[in-house]
Amino acid sequence: MGMDGWREIGKHSFTPLSLEETLLGGQSFVWTKKGSHQWRGVIGRSIVDLSLRNGRLSWRASLLHPFSEGELTKYLWIDGSYDAAIEEMPWRSDPVLRESLRAFSGLRILGQPFDETLFYFLLSSAKSISQIKSCGEAVALRYGEKLGFGIGSFPGWNRLCEVPEEELRKLKLGYRAKYVAGVADFLASRSGWLEETASLPYEKAKARLMEMPGVGQKIADCALLFGAGKLEAFPIDTWMDKSLERRYGLEGWSLSQKLTFARVHFGKFAGLAQQFLFSSERRGIFA
DNA sequence: CTCCAGGAGATAT
DNA sequence: ATATCTCCTGGA
């Protein structure tokens with residue numbers, strides 16, 4: 001039930017702000033702040049601690065379910081492809097994006113498990129980050145594997161399929177309980193469907209996800225961006241809607257027009273741009 | 001008390 | 001295609 005020793009990751013480009021925002025800023029709901037420089041999360045069945053002190057990034061994982069440095073650097077997108085993605089974004093001609101990149105330097109899109117990401121974003125409708133987090137944790141603790149430290153793993157859709165909607169409602173999921181039960185049921189009769197979806201090109205994958213109950217454009221884009229590495233996905237929530245209207249002058253544009261603008265303007269890594277703009281809007285750097 | 005928060009679905013136009 | 005209403009819950 002203990003943790004392995006701390007190890008340092010030599011090369012990274014996180015700042016305290018961008019690491020905090022990456023872990024807690026709304027793309028993931030499995031991280032908790034343990035101290036001013038320390039965070040604890042669950043990745044799959046492994047519990048992982050991260051520490052960022054004086055620019056040094058260190059980590060340790062649970063002994064029960066070990067985690068490798070390779071898995072972690074992949075999860076945190078710590079490799080050259082991140083810098084290449086930043087370079088490809090249109091910040092040279094876009095002062096809003098440029099300012100945002102400066103403010104949240106090092107901000108990443110995490111490489112989270114697809115099935116779990118879909119689950120968490122199914123809960124996200126009209127809920128705040130802390131509510132999504134506590135609902136998800138409650139489900140994980142009750143139906144997932146108990147990992148110690150008061151943490152449970154994502155139970156998986158197979159297990160969730162056995163859980164009646166009423167039980168999920170008792171865990172405060174509200175009307176989202178129907179969506180979770182519906183998706184579990186949908187997947188139960190389609191072995192390998194989710195994995196296959198993740199491997200399809202973005203547009204195709206998005207259309208398939210939207211066949212499921214409770215999955216519209218926004219949640220499909222979130223699941224694909226944060227859980228399947230589809231970096232061109234550009235989820236538009238109320239914050240992004242505001243951002244596009246205020247910072248890019250798109251007042252009066254329809255949602256689909258905004259999405260088209262974003263995908264054309266921000267390009268191949270639109271989802272990464274989205275995360276910078278989202279954080280900027282939410283944390284009010286333009287205010 | 002009312003209102004709304006990181007939405008989707010059904011219905012009406 | 002776009003607009004409005006409802007669906008749960010917790011917090012302002």
# chains A, B, ... in the order shown; residues from 1 in each chain; ligands from 1
>>> closest_atom_pairs(of="chain C", to="chain A", cutoff="10 Å", atoms="only C-alpha atoms (C1' of nucleotides)", output="tab-separated table")
residue	atom	partner	partner_atom	distance
C:DA1	C1'	A:Ser254	CA	9.7
C:DT2	C1'	A:Ser254	CA	8.7
C:DC7	C1'	A:Tyr175	CA	5.7
C:DC8	C1'	A:Gly174	CA	3.8
C:DT9	C1'	A:Gly174	CA	6.6
C:DG10	C1'	A:Gln131	CA	8.2
>>> interface_residues(of="chain A", to="chain B", cutoff="8 Å", atoms="only C-alpha atoms (C1' of nucleotides)", output="PyMOL selection string")
chain A and resi 26+124-129+214-216+218+237-239
>>> write_last_selection(atoms="N, CA, C and O atoms", output="PDB file, in the first residue's frame")
ATOM      1  N   GLY A  26      -9.572  21.228 -15.508  1.00  0.00           N
ATOM      2  CA  GLY A  26     -10.827  20.823 -16.121  1.00  0.00           C
ATOM      3  C   GLY A  26     -10.716  19.837 -17.275  1.00  0.00           C
ATOM      4  O   GLY A  26     -11.720  19.443 -17.846  1.00  0.00           O
ATOM      5  N   SER A 124     -20.144  15.707 -16.922  1.00  0.00           N
ATOM      6  CA  SER A 124     -19.741  17.113 -16.844  1.00  0.00           C
ATOM      7  C   SER A 124     -20.850  18.112 -17.153  1.00  0.00           C
ATOM      8  O   SER A 124     -20.714  19.292 -16.831  1.00  0.00           O
ATOM      9  N   SER A 125     -21.929  17.624 -17.736  1.00  0.00           N
ATOM     10  CA  SER A 125     -22.973  18.535 -18.185  1.00  0.00           C
ATOM     11  C   SER A 125     -23.543  19.366 -17.039  1.00  0.00           C
ATOM     12  O   SER A 125     -24.070  18.826 -16.069  1.00  0.00           O
ATOM     13  N   ALA A 126     -23.461  20.687 -17.161  1.00  0.00           N
ATOM     14  CA  ALA A 126     -23.986  21.620 -16.165  1.00  0.00           C
ATOM     15  C   ALA A 126     -23.496  21.311 -14.758  1.00  0.00           C
ATOM     16  O   ALA A 126     -24.258  21.322 -13.795  1.00  0.00           O
ATOM     17  N   LYS A 127     -22.232  20.965 -14.647  1.00  0.00           N
ATOM     18  CA  LYS A 127     -21.616  20.743 -13.334  1.00  0.00           C
ATOM     19  C   LYS A 127     -20.275  21.464 -13.261  1.00  0.00           C
ATOM     20  O   LYS A 127     -19.611  21.643 -14.278  1.00  0.00           O
ATOM     21  N   SER A 128     -19.883  21.832 -12.054  1.00  0.00           N
ATOM     22  CA  SER A 128     -18.576  22.451 -11.880  1.00  0.00           C
ATOM     23  C   SER A 128     -17.501  21.376 -11.742  1.00  0.00           C
ATOM     24  O   SER A 128     -17.813  20.210 -11.516  1.00  0.00           O
ATOM     25  N   ILE A 129     -16.252  21.773 -11.885  1.00  0.00           N
ATOM     26  CA  ILE A 129     -15.149  20.822 -11.814  1.00  0.00           C
ATOM     27  C   ILE A 129     -15.193  20.009 -10.523  1.00  0.00           C
ATOM     28  O   ILE A 129     -15.051  18.784 -10.547  1.00  0.00           O
ATOM     29  N   GLY A 214     -26.363  10.763 -24.555  1.00  0.00           N
ATOM     30  CA  GLY A 214     -25.695  11.720 -23.678  1.00  0.00           C
ATOM     31  C   GLY A 214     -24.405  12.282 -24.241  1.00  0.00           C
ATOM     32  O   GLY A 214     -23.746  13.077 -23.586  1.00  0.00           O
ATOM     33  N   VAL A 215     -24.047  11.847 -25.438  1.00  0.00           N
ATOM     34  CA  VAL A 215     -22.822  12.365 -26.048  1.00  0.00           C
ATOM     35  C   VAL A 215     -23.167  13.264 -27.222  1.00  0.00           C
ATOM     36  O   VAL A 215     -23.559  12.796 -28.282  1.00  0.00           O
ATOM     37  N   GLY A 216     -23.023  14.548 -27.033  1.00  0.00           N
ATOM     38  CA  GLY A 216     -23.199  15.508 -28.111  1.00  0.00           C
ATOM     39  C   GLY A 216     -21.849  15.978 -28.592  1.00  0.00           C
ATOM     40  O   GLY A 216     -20.813  15.396 -28.265  1.00  0.00           O
ATOM     41  N   LYS A 218     -19.924  18.547 -27.840  1.00  0.00           N
ATOM     42  CA  LYS A 218     -18.951  19.029 -26.859  1.00  0.00           C
ATOM     43  C   LYS A 218     -18.279  17.885 -26.126  1.00  0.00           C
ATOM     44  O   LYS A 218     -17.052  17.850 -25.986  1.00  0.00           O
ATOM     45  N   ASP A 237     -17.184  24.999 -24.965  1.00  0.00           N
ATOM     46  CA  ASP A 237     -18.098  25.105 -23.827  1.00  0.00           C
ATOM     47  C   ASP A 237     -18.428  26.584 -23.642  1.00  0.00           C
ATOM     48  O   ASP A 237     -18.125  27.405 -24.502  1.00  0.00           O
ATOM     49  N   THR A 238     -19.039  26.924 -22.527  1.00  0.00           N
ATOM     50  CA  THR A 238     -19.443  28.313 -22.353  1.00  0.00           C
ATOM     51  C   THR A 238     -18.233  29.249 -22.259  1.00  0.00           C
ATOM     52  O   THR A 238     -18.290  30.387 -22.709  1.00  0.00           O
ATOM     53  N   TRP A 239     -17.129  28.741 -21.687  1.00  0.00           N
ATOM     54  CA  TRP A 239     -15.926  29.580 -21.595  1.00  0.00           C
ATOM     55  C   TRP A 239     -15.336  29.847 -22.969  1.00  0.00           C
ATOM     56  O   TRP A 239     -14.955  30.979 -23.297  1.00  0.00           O
TER      57      TRP A 239
END
>>> select_by_dssp(residues="stretch 36-279 of chain A", states="alpha helix (DSSP H)", output="ChimeraX atom specification")
/A:69-75,80-88,95-103,114-122,129-143,157-160,165-170,176-188,193-199,202-209,217-228,238-248,255-266,270-279
>>> atom_distance(atom1="atom C1' of C:DA3", atom2="atom CA of A:Arg208")
26.2 Å
>>> atom_distance(atom1="atom CA of A:Leu231", atom2="atom CA of A:Lys178")
29.0 Å
>>> select_by_dssp(residues="stretch 39-167 of chain A", states="strand (DSSP E or B)", output="PyMOL selection string")
chain A and resi 39-43+46-53+56-62+146-148+151-152
>>> atom_distance(atom1="atom CA of A:Phe119", atom2="atom CA of A:Leu141")
14.5 Å
>>> closest_residue(among="A:Leu147, A:Ile219, A:Ala138, A:Ala85", to="A:Ile43", atoms="only C-alpha atoms")
A:Leu147
>>> closest_residue(among="A:Leu277, A:Leu160, A:Leu63, A:Leu76", to="A:Tyr248", atoms="only C-alpha atoms")
A:Leu277
>>> residues_around(residues="stretch 28-41 of chain A", least_positions_apart="3", cutoff="6 Å", atoms="only C-alpha atoms (C1' of nucleotides)", output="PyMOL selection string")
chain A and resi 47-52+133
>>> write_last_selection(atoms="N, CA, C and O atoms", output="tab-separated table (two decimals), in the first residue's frame")
chain	number	residue	atom	x	y	z
A	47	ILE	N	-1.47	4.93	-8.48
A	47	ILE	CA	-1.53	6.23	-7.84
A	47	ILE	C	-0.19	6.91	-8.07
A	47	ILE	O	0.86	6.30	-7.88
A	48	VAL	N	-0.23	8.14	-8.53
A	48	VAL	CA	0.99	8.85	-8.89
A	48	VAL	C	1.04	10.19	-8.15
A	48	VAL	O	0.05	10.92	-8.11
A	49	ASP	N	2.18	10.47	-7.55
A	49	ASP	CA	2.41	11.78	-6.94
A	49	ASP	C	3.36	12.58	-7.84
A	49	ASP	O	4.31	12.02	-8.40
A	50	LEU	N	3.10	13.85	-7.95
A	50	LEU	CA	3.98	14.74	-8.68
A	50	LEU	C	4.40	15.88	-7.76
A	50	LEU	O	3.62	16.32	-6.92
A	51	SER	N	5.64	16.30	-7.93
A	51	SER	CA	6.14	17.42	-7.14
A	51	SER	C	6.93	18.35	-8.05
A	51	SER	O	7.74	17.90	-8.87
A	52	LEU	N	6.65	19.62	-7.96
A	52	LEU	CA	7.41	20.60	-8.73
A	52	LEU	C	7.94	21.66	-7.78
A	52	LEU	O	7.18	22.47	-7.25
A	133	LYS	N	-15.70	15.94	-10.21
A	133	LYS	CA	-14.67	15.19	-9.52
A	133	LYS	C	-15.27	14.32	-8.41
A	133	LYS	O	-14.98	13.12	-8.32
>>> decode(residues="chain C", atoms="all heavy atoms", output="mmCIF file, in the first residue's frame")
data_model
loop_
_atom_site.group_PDB
_atom_site.id
_atom_site.type_symbol
_atom_site.label_atom_id
_atom_site.label_comp_id
_atom_site.auth_asym_id
_atom_site.auth_seq_id
_atom_site.Cartn_x
_atom_site.Cartn_y
_atom_site.Cartn_z
ATOM 1 P P DA C 1 -28.622 21.839 -42.079
ATOM 2 O OP1 DA C 1 -27.586 22.131 -43.038
ATOM 3 O OP2 DA C 1 -28.578 20.607 -41.293
ATOM 4 O "O5'" DA C 1 -28.858 23.013 -41.039
ATOM 5 C "C5'" DA C 1 -27.902 23.997 -40.737
ATOM 6 C "C4'" DA C 1 -28.640 25.237 -40.276
ATOM 7 O "O4'" DA C 1 -30.056 25.027 -40.342
ATOM 8 C "C3'" DA C 1 -28.309 25.630 -38.837
ATOM 9 O "O3'" DA C 1 -28.229 27.047 -38.729
ATOM 10 C "C2'" DA C 1 -29.468 25.056 -38.049
ATOM 11 C "C1'" DA C 1 -30.635 25.180 -39.044
ATOM 12 N N9 DA C 1 -31.642 24.119 -38.877
ATOM 13 C C8 DA C 1 -31.524 22.788 -39.167
ATOM 14 N N7 DA C 1 -32.605 22.086 -38.895
ATOM 15 C C5 DA C 1 -33.499 23.025 -38.391
ATOM 16 C C6 DA C 1 -34.821 22.923 -37.912
ATOM 17 N N6 DA C 1 -35.496 21.769 -37.878
ATOM 18 N N1 DA C 1 -35.426 24.055 -37.484
ATOM 19 C C2 DA C 1 -34.741 25.199 -37.527
ATOM 20 N N3 DA C 1 -33.502 25.425 -37.957
ATOM 21 C C4 DA C 1 -32.924 24.286 -38.374
ATOM 22 P P DT C 2 -27.451 27.699 -37.494
ATOM 23 O OP1 DT C 2 -26.755 28.908 -37.939
ATOM 24 O OP2 DT C 2 -26.714 26.611 -36.834
ATOM 25 O "O5'" DT C 2 -28.638 28.145 -36.537
ATOM 26 C "C5'" DT C 2 -29.541 29.147 -36.969
ATOM 27 C "C4'" DT C 2 -30.667 29.273 -35.966
ATOM 28 O "O4'" DT C 2 -31.518 28.105 -36.033
ATOM 29 C "C3'" DT C 2 -30.223 29.394 -34.497
ATOM 30 O "O3'" DT C 2 -30.809 30.559 -33.966
ATOM 31 C "C2'" DT C 2 -30.713 28.102 -33.849
ATOM 32 C "C1'" DT C 2 -31.911 27.762 -34.728
ATOM 33 N N1 DT C 2 -32.325 26.330 -34.753
ATOM 34 C C2 DT C 2 -33.627 26.007 -34.444
ATOM 35 O O2 DT C 2 -34.464 26.851 -34.146
ATOM 36 N N3 DT C 2 -33.924 24.670 -34.508
ATOM 37 C C4 DT C 2 -33.051 23.639 -34.832
ATOM 38 O O4 DT C 2 -33.427 22.471 -34.852
ATOM 39 C C5 DT C 2 -31.701 24.040 -35.135
ATOM 40 C C7 DT C 2 -30.686 23.011 -35.494
ATOM 41 C C6 DT C 2 -31.411 25.348 -35.085
ATOM 42 P P DA C 3 -30.740 30.970 -32.430
ATOM 43 O OP1 DA C 3 -30.755 32.431 -32.322
ATOM 44 O OP2 DA C 3 -29.649 30.181 -31.815
ATOM 45 O "O5'" DA C 3 -32.126 30.420 -31.886
ATOM 46 C "C5'" DA C 3 -33.344 31.034 -32.283
ATOM 47 C "C4'" DA C 3 -34.450 30.651 -31.319
ATOM 48 O "O4'" DA C 3 -34.782 29.257 -31.504
ATOM 49 C "C3'" DA C 3 -34.098 30.826 -29.838
ATOM 50 O "O3'" DA C 3 -35.244 31.302 -29.153
ATOM 51 C "C2'" DA C 3 -33.710 29.415 -29.403
ATOM 52 C "C1'" DA C 3 -34.599 28.538 -30.289
ATOM 53 N N9 DA C 3 -34.019 27.241 -30.642
ATOM 54 C C8 DA C 3 -32.768 26.986 -31.134
ATOM 55 N N7 DA C 3 -32.536 25.715 -31.379
ATOM 56 C C5 DA C 3 -33.725 25.089 -31.010
ATOM 57 C C6 DA C 3 -34.132 23.742 -31.027
ATOM 58 N N6 DA C 3 -33.357 22.738 -31.440
ATOM 59 N N1 DA C 3 -35.382 23.456 -30.593
ATOM 60 C C2 DA C 3 -36.159 24.457 -30.175
ATOM 61 N N3 DA C 3 -35.892 25.764 -30.121
ATOM 62 C C4 DA C 3 -34.643 26.012 -30.556
ATOM 63 P P DT C 4 -35.140 31.790 -27.648
ATOM 64 O OP1 DT C 4 -35.941 33.020 -27.517
ATOM 65 O OP2 DT C 4 -33.729 31.751 -27.219
ATOM 66 O "O5'" DT C 4 -35.919 30.599 -26.911
ATOM 67 C "C5'" DT C 4 -37.180 30.175 -27.422
ATOM 68 C "C4'" DT C 4 -37.700 28.984 -26.630
ATOM 69 O "O4'" DT C 4 -37.106 27.756 -27.126
ATOM 70 C "C3'" DT C 4 -37.415 29.016 -25.124
ATOM 71 O "O3'" DT C 4 -38.598 28.635 -24.451
ATOM 72 C "C2'" DT C 4 -36.316 27.976 -24.943
ATOM 73 C "C1'" DT C 4 -36.676 26.972 -26.033
ATOM 74 N N1 DT C 4 -35.566 26.115 -26.524
ATOM 75 C C2 DT C 4 -35.793 24.776 -26.734
ATOM 76 O O2 DT C 4 -36.872 24.254 -26.514
ATOM 77 N N3 DT C 4 -34.725 24.065 -27.211
ATOM 78 C C4 DT C 4 -33.468 24.555 -27.500
ATOM 79 O O4 DT C 4 -32.603 23.821 -27.929
ATOM 80 C C5 DT C 4 -33.279 25.967 -27.254
ATOM 81 C C7 DT C 4 -31.950 26.583 -27.521
ATOM 82 C C6 DT C 4 -34.328 26.665 -26.781
ATOM 83 P P DC C 5 -38.731 28.829 -22.875
ATOM 84 O OP1 DC C 5 -40.023 29.481 -22.625
ATOM 85 O OP2 DC C 5 -37.470 29.399 -22.353
ATOM 86 O "O5'" DC C 5 -38.825 27.322 -22.379
ATOM 87 C "C5'" DC C 5 -39.833 26.473 -22.928
ATOM 88 C "C4'" DC C 5 -39.573 25.042 -22.479
ATOM 89 O "O4'" DC C 5 -38.447 24.514 -23.226
ATOM 90 C "C3'" DC C 5 -39.206 24.926 -20.993
ATOM 91 O "O3'" DC C 5 -40.058 23.975 -20.377
ATOM 92 C "C2'" DC C 5 -37.751 24.475 -20.987
ATOM 93 C "C1'" DC C 5 -37.603 23.802 -22.353
ATOM 94 N N1 DC C 5 -36.214 23.871 -22.888
ATOM 95 C C2 DC C 5 -35.633 22.729 -23.443
ATOM 96 O O2 DC C 5 -36.285 21.687 -23.479
ATOM 97 N N3 DC C 5 -34.380 22.794 -23.919
ATOM 98 C C4 DC C 5 -33.702 23.951 -23.864
ATOM 99 N N4 DC C 5 -32.463 23.970 -24.350
ATOM 100 C C5 DC C 5 -34.274 25.132 -23.306
ATOM 101 C C6 DC C 5 -35.521 25.044 -22.833
ATOM 102 P P DT C 6 -40.013 23.831 -18.782
ATOM 103 O OP1 DT C 6 -41.409 23.680 -18.349
ATOM 104 O OP2 DT C 6 -39.133 24.865 -18.185
ATOM 105 O "O5'" DT C 6 -39.295 22.426 -18.628
ATOM 106 C "C5'" DT C 6 -39.777 21.309 -19.382
ATOM 107 C "C4'" DT C 6 -38.794 20.159 -19.280
ATOM 108 O "O4'" DT C 6 -37.616 20.450 -20.049
ATOM 109 C "C3'" DT C 6 -38.309 19.886 -17.848
ATOM 110 O "O3'" DT C 6 -38.496 18.513 -17.553
ATOM 111 C "C2'" DT C 6 -36.828 20.268 -17.859
ATOM 112 C "C1'" DT C 6 -36.468 20.059 -19.322
ATOM 113 N N1 DT C 6 -35.319 20.870 -19.797
ATOM 114 C C2 DT C 6 -34.355 20.266 -20.562
ATOM 115 O O2 DT C 6 -34.384 19.087 -20.873
ATOM 116 N N3 DT C 6 -33.342 21.098 -20.966
ATOM 117 C C4 DT C 6 -33.192 22.445 -20.675
ATOM 118 O O4 DT C 6 -32.247 23.077 -21.091
ATOM 119 C C5 DT C 6 -34.251 23.022 -19.864
ATOM 120 C C7 DT C 6 -34.188 24.462 -19.501
ATOM 121 C C6 DT C 6 -35.248 22.217 -19.472
ATOM 122 P P DC C 7 -38.610 18.027 -16.052
ATOM 123 O OP1 DC C 7 -39.762 17.128 -15.977
ATOM 124 O OP2 DC C 7 -38.475 19.187 -15.151
ATOM 125 O "O5'" DC C 7 -37.286 17.139 -15.890
ATOM 126 C "C5'" DC C 7 -36.964 16.167 -16.896
ATOM 127 C "C4'" DC C 7 -35.465 15.956 -16.891
ATOM 128 O "O4'" DC C 7 -34.814 17.120 -17.429
ATOM 129 C "C3'" DC C 7 -34.877 15.790 -15.479
ATOM 130 O "O3'" DC C 7 -34.453 14.449 -15.329
ATOM 131 C "C2'" DC C 7 -33.673 16.735 -15.432
ATOM 132 C "C1'" DC C 7 -33.525 17.180 -16.881
ATOM 133 N N1 DC C 7 -33.040 18.568 -17.046
ATOM 134 C C2 DC C 7 -32.063 18.843 -17.995
ATOM 135 O O2 DC C 7 -31.600 17.916 -18.672
ATOM 136 N N3 DC C 7 -31.633 20.106 -18.151
ATOM 137 C C4 DC C 7 -32.162 21.090 -17.400
ATOM 138 N N4 DC C 7 -31.704 22.325 -17.601
ATOM 139 C C5 DC C 7 -33.167 20.829 -16.424
ATOM 140 C C6 DC C 7 -33.572 19.567 -16.282
ATOM 141 P P DC C 8 -34.610 13.732 -13.960
ATOM 142 O OP1 DC C 8 -34.172 12.354 -14.128
ATOM 143 O OP2 DC C 8 -35.921 14.020 -13.349
ATOM 144 O "O5'" DC C 8 -33.483 14.541 -13.186
ATOM 145 C "C5'" DC C 8 -33.599 14.879 -11.851
ATOM 146 C "C4'" DC C 8 -32.231 14.849 -11.255
ATOM 147 O "O4'" DC C 8 -31.361 15.682 -12.049
ATOM 148 C "C3'" DC C 8 -32.176 15.379 -9.819
ATOM 149 O "O3'" DC C 8 -31.327 14.526 -9.091
ATOM 150 C "C2'" DC C 8 -31.608 16.775 -9.980
ATOM 151 C "C1'" DC C 8 -30.688 16.599 -11.198
ATOM 152 N N1 DC C 8 -30.448 17.842 -11.956
ATOM 153 C C2 DC C 8 -29.141 18.289 -12.151
ATOM 154 O O2 DC C 8 -28.218 17.646 -11.678
ATOM 155 N N3 DC C 8 -28.922 19.432 -12.848
ATOM 156 C C4 DC C 8 -29.938 20.104 -13.352
ATOM 157 N N4 DC C 8 -29.665 21.217 -14.035
ATOM 158 C C5 DC C 8 -31.285 19.669 -13.174
ATOM 159 C C6 DC C 8 -31.497 18.545 -12.480
ATOM 160 P P DT C 9 -31.234 14.558 -7.559
ATOM 161 O OP1 DT C 9 -30.788 13.250 -7.079
ATOM 162 O OP2 DT C 9 -32.506 15.153 -7.060
ATOM 163 O "O5'" DT C 9 -30.067 15.607 -7.314
ATOM 164 C "C5'" DT C 9 -28.773 15.333 -7.788
ATOM 165 C "C4'" DT C 9 -27.855 16.478 -7.476
ATOM 166 O "O4'" DT C 9 -28.057 17.523 -8.439
ATOM 167 C "C3'" DT C 9 -28.069 17.109 -6.095
ATOM 168 O "O3'" DT C 9 -26.860 16.978 -5.373
ATOM 169 C "C2'" DT C 9 -28.419 18.572 -6.391
ATOM 170 C "C1'" DT C 9 -27.883 18.760 -7.808
ATOM 171 N N1 DT C 9 -28.574 19.770 -8.652
ATOM 172 C C2 DT C 9 -27.809 20.674 -9.354
ATOM 173 O O2 DT C 9 -26.596 20.701 -9.297
ATOM 174 N N3 DT C 9 -28.516 21.552 -10.131
ATOM 175 C C4 DT C 9 -29.888 21.617 -10.261
ATOM 176 O O4 DT C 9 -30.405 22.458 -10.992
ATOM 177 C C5 DT C 9 -30.629 20.651 -9.491
ATOM 178 C C7 DT C 9 -32.106 20.644 -9.565
ATOM 179 C C6 DT C 9 -29.946 19.776 -8.730
ATOM 180 P P DG C 10 -26.757 17.404 -3.840
ATOM 181 O OP1 DG C 10 -25.932 16.377 -3.179
ATOM 182 O OP2 DG C 10 -28.099 17.758 -3.332
ATOM 183 O "O5'" DG C 10 -25.875 18.737 -3.950
ATOM 184 C "C5'" DG C 10 -24.658 18.692 -4.687
ATOM 185 C "C4'" DG C 10 -24.078 20.085 -4.793
ATOM 186 O "O4'" DG C 10 -24.860 20.873 -5.717
ATOM 187 C "C3'" DG C 10 -24.066 20.877 -3.480
ATOM 188 O "O3'" DG C 10 -22.870 21.645 -3.443
ATOM 189 C "C2'" DG C 10 -25.298 21.765 -3.601
ATOM 190 C "C1'" DG C 10 -25.309 22.051 -5.096
ATOM 191 N N9 DG C 10 -26.629 22.368 -5.631
ATOM 192 C C8 DG C 10 -27.834 21.830 -5.266
ATOM 193 N N7 DG C 10 -28.840 22.309 -5.960
ATOM 194 C C5 DG C 10 -28.255 23.208 -6.842
ATOM 195 C C6 DG C 10 -28.824 24.033 -7.844
ATOM 196 O O6 DG C 10 -30.017 24.127 -8.157
ATOM 197 N N1 DG C 10 -27.887 24.786 -8.498
ATOM 198 C C2 DG C 10 -26.532 24.759 -8.232
ATOM 199 N N2 DG C 10 -25.761 25.544 -8.971
ATOM 200 N N3 DG C 10 -25.972 23.995 -7.312
ATOM 201 C C4 DG C 10 -26.893 23.253 -6.655
ATOM 202 P P DG C 11 -22.366 22.289 -2.094
ATOM 203 O OP1 DG C 11 -21.135 21.569 -1.706
ATOM 204 O OP2 DG C 11 -23.517 22.378 -1.157
ATOM 205 O "O5'" DG C 11 -21.982 23.753 -2.538
ATOM 206 C "C5'" DG C 11 -21.403 23.992 -3.816
ATOM 207 C "C4'" DG C 11 -21.767 25.378 -4.291
ATOM 208 O "O4'" DG C 11 -23.102 25.374 -4.844
ATOM 209 C "C3'" DG C 11 -21.760 26.433 -3.174
ATOM 210 O "O3'" DG C 11 -21.113 27.600 -3.630
ATOM 211 C "C2'" DG C 11 -23.247 26.672 -2.911
ATOM 212 C "C1'" DG C 11 -23.811 26.481 -4.316
ATOM 213 N N9 DG C 11 -25.232 26.193 -4.371
ATOM 214 C C8 DG C 11 -25.933 25.297 -3.590
ATOM 215 N N7 DG C 11 -27.203 25.253 -3.863
ATOM 216 C C5 DG C 11 -27.363 26.180 -4.895
ATOM 217 C C6 DG C 11 -28.528 26.566 -5.619
ATOM 218 O O6 DG C 11 -29.681 26.171 -5.469
ATOM 219 N N1 DG C 11 -28.230 27.531 -6.579
ATOM 220 C C2 DG C 11 -26.982 28.046 -6.805
ATOM 221 N N2 DG C 11 -26.892 28.965 -7.772
ATOM 222 N N3 DG C 11 -25.891 27.700 -6.145
ATOM 223 C C4 DG C 11 -26.156 26.757 -5.209
ATOM 224 P P DA C 12 -20.783 28.777 -2.611
ATOM 225 O OP1 DA C 12 -19.310 28.865 -2.524
ATOM 226 O OP2 DA C 12 -21.590 28.594 -1.388
ATOM 227 O "O5'" DA C 12 -21.325 30.050 -3.400
ATOM 228 C "C5'" DA C 12 -21.008 30.195 -4.797
ATOM 229 C "C4'" DA C 12 -21.890 31.278 -5.408
ATOM 230 O "O4'" DA C 12 -23.247 30.792 -5.524
ATOM 231 C "C3'" DA C 12 -21.968 32.558 -4.551
ATOM 232 O "O3'" DA C 12 -21.926 33.702 -5.388
ATOM 233 C "C2'" DA C 12 -23.319 32.440 -3.845
ATOM 234 C "C1'" DA C 12 -24.141 31.661 -4.873
ATOM 235 N N9 DA C 12 -25.189 30.835 -4.252
ATOM 236 C C8 DA C 12 -25.049 29.930 -3.234
ATOM 237 N N7 DA C 12 -26.166 29.316 -2.893
ATOM 238 C C5 DA C 12 -27.103 29.854 -3.757
ATOM 239 C C6 DA C 12 -28.479 29.635 -3.917
ATOM 240 N N6 DA C 12 -29.179 28.763 -3.181
ATOM 241 N N1 DA C 12 -29.128 30.336 -4.880
ATOM 242 C C2 DA C 12 -28.428 31.205 -5.614
ATOM 243 N N3 DA C 12 -27.121 31.503 -5.564
ATOM 244 C C4 DA C 12 -26.515 30.785 -4.602
#
